[in-house]
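Enquirer: Please read through the structure below; I'll follow up with questions.
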Amino acid sequence: DIIMIGEIRDQETLRIAVQSALTGHLVLSTLHTNDAISAIIRMIDMGIEPYLVSGSLIAIEAQRLVRKICYYCKEKTTLLPNIEKDLKEYLPENFQFYKGRGCKHCNMTGYLGREMISEVLMIDDQLSSMIAREESKEKITQYALQNGFISMLQDGINKALEGHTTIDEVLRVAKLS
């Protein structure tokens, strides 16, 4: 009842995955895209009819790894004015960011270990209809954000605000719209 496909790289594999999902199997797989919503576009671009894509999805997760700030040398830092301006819509009124100063524990890098930032797009009836109608990525994104979707960028910023990683790391792996 559960099928795991290591990675979908071609139309034939994607067709098998979609057909399996449409016949009641839970299909788990990977597909290389920059974000969760791009996976929908990619599936359609690979030749799967939009109504089949919409009927086969229940959720899409996108994830990236960011380096964690070294616990031993973590200190408060400020944002450059241009970065603060670019991130204004994502930040609370009062905020604090952190960085690693560098120490013997992290080999003077300021980082020690990794942590995941992610986004999960749950496919509800409205979103499924939008996919079937081939709505634009922008409209799908707008709908998702209005209905509780937290982007990978926002998840990363939240983790930077909590002191887990730096804003530089987040911006390195998650795109600023």
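Following the order of the structure tokens, first chain is A, next is B, and so on, with residues numbered from 1 inside each chain and ligands from 1 in the order they appear.
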Show which residues sit within 9 Å of Met43 of chain A, as a ChimeraX atom specification. Count only C-alpha atoms, and ignore same-chain residues fewer than 6 positions away.
Expert: /A:11,14,31,49-50,53
Enquirer: Go ahead and write the selection's residues with C-alpha atoms as a compact mmCIF listing (two decimals), in the first residue's frame.
Expert:
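Below is the file out.txt, written as the result:
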```
# COMPACT_ATOMS: atom_id res chain seq x y z
CA GLN A 11 8.38 11.06 -17.28
CA LEU A 14 6.55 10.09 -12.76
CA LEU A 31 11.85 15.54 -7.05
CA GLU A 49 -1.88 16.33 -17.19
CA PRO A 50 -2.75 18.93 -14.52
CA VAL A 53 -1.27 15.94 -10.83
```
Enquirer: In segment 21-60 of chain A, what's strand (DSSP E) per DSSP? Answer as a list in words?
Expert: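 The strand (DSSP E) subset of segment 21-60 of chain A is Leu26, Val27, Leu28, Ser29, Ala59 and Ile60 of chain A.
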Enquirer: If I take atom CA of Lys68 of chain A and atom CA of Glu89 of chain A, how far is one from the other in Å, to one decimal?
Expert: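 Separation between atom CA of Lys68 of chain A and atom CA of Glu89 of chain A: 23.9 Å.
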Enquirer: List every residue of segment 13-149 of chain A that DSSP, applied to the backbone of this structure, assigns to helix (DSSP H, G or I), and report them as a PyMOL selection string.
Expert: chain A and resi 13-22+36-45+50-56+81-90+125-132+137-146
Enquirer: Please produce an output containing C-alpha atoms for each residue in the selection, written as a short mmCIF file (atom, residue, chain, number, x, y, z; two decimals), in the first residue's frame.
Expert:
```cif
data_model
loop_
_atom_site.label_atom_id
_atom_site.label_comp_id
_atom_site.auth_asym_id
_atom_site.auth_seq_id
_atom_site.Cartn_x
_atom_site.Cartn_y
_atom_site.Cartn_z
CA THR A 13 8.84 7.13 -13.41
CA LEU A 14 6.55 10.09 -12.76
CA ARG A 15 3.68 8.42 -14.66
CA ILE A 16 4.09 5.25 -12.57
CA ALA A 17 4.09 7.31 -9.36
CA VAL A 18 0.99 9.30 -10.35
CA GLN A 19 -0.90 6.19 -11.51
CA SER A 20 -0.03 4.42 -8.25
CA ALA A 21 -1.26 7.39 -6.22
CA LEU A 22 -4.49 7.57 -8.21
CA ALA A 36 7.24 22.89 -2.79
CA ILE A 37 5.07 24.80 -5.25
CA SER A 38 7.66 24.39 -8.01
CA ALA A 39 7.17 20.61 -7.72
CA ILE A 40 3.64 21.03 -9.09
CA ILE A 41 4.90 23.03 -12.06
CA ARG A 42 7.70 20.53 -12.66
CA MET A 43 5.29 17.58 -12.74
CA ILE A 44 3.15 19.35 -15.34
CA ASP A 45 6.24 20.36 -17.32
CA PRO A 50 -2.75 18.93 -14.52
CA TYR A 51 -5.92 17.08 -13.47
CA LEU A 52 -3.82 13.94 -12.82
CA VAL A 53 -1.27 15.94 -10.83
CA SER A 54 -4.03 17.49 -8.73
CA GLY A 55 -5.65 14.13 -8.05
CA SER A 56 -2.43 12.41 -7.04
CA PRO A 81 20.42 47.96 6.77
CA ASN A 82 19.79 46.69 3.22
CA ILE A 83 19.13 43.13 4.47
CA GLU A 84 16.85 44.41 7.22
CA LYS A 85 14.91 46.39 4.61
CA ASP A 86 14.58 43.34 2.34
CA LEU A 87 13.36 41.15 5.23
CA LYS A 88 11.04 43.71 6.86
CA GLU A 89 7.82 41.89 5.90
CA TYR A 90 9.12 38.63 7.43
CA ASP A 125 -9.76 20.78 -2.39
CA GLN A 126 -9.32 24.41 -3.44
CA LEU A 127 -5.62 23.97 -4.14
CA SER A 128 -6.34 20.76 -6.05
CA SER A 129 -8.81 22.66 -8.24
CA MET A 130 -6.25 25.41 -8.83
CA ILE A 131 -3.68 22.82 -9.94
CA ALA A 132 -6.20 21.16 -12.28
CA LYS A 137 2.62 29.70 -9.42
CA GLU A 138 1.96 33.19 -8.05
CA LYS A 139 -1.77 32.50 -7.51
CA ILE A 140 -1.04 29.14 -5.88
CA THR A 141 1.55 30.77 -3.62
CA GLN A 142 -0.86 33.57 -2.68
CA TYR A 143 -3.60 31.07 -1.84
CA ALA A 144 -1.23 28.89 0.18
CA LEU A 145 0.13 31.83 2.20
CA GLN A 146 -3.41 33.04 2.95
#
```
Enquirer: Atom CA of Ile117 of chain A and atom CA of Thr166 of chain A are how many Å apart?
Expert: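 Taking atom CA of Ile117 of chain A and atom CA of Thr166 of chain A, their separation equals 12.1 Å.
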Enquirer: Go through A:Asp10, A:Leu121, A:Ser136, A:Lys74 and flag the residue nearest Gly47 of chain A, using only C-alpha atoms for the distances.
Expert: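 Residue with the minimum atom-to-atom distance to Gly47 of chain A: A:Asp10.
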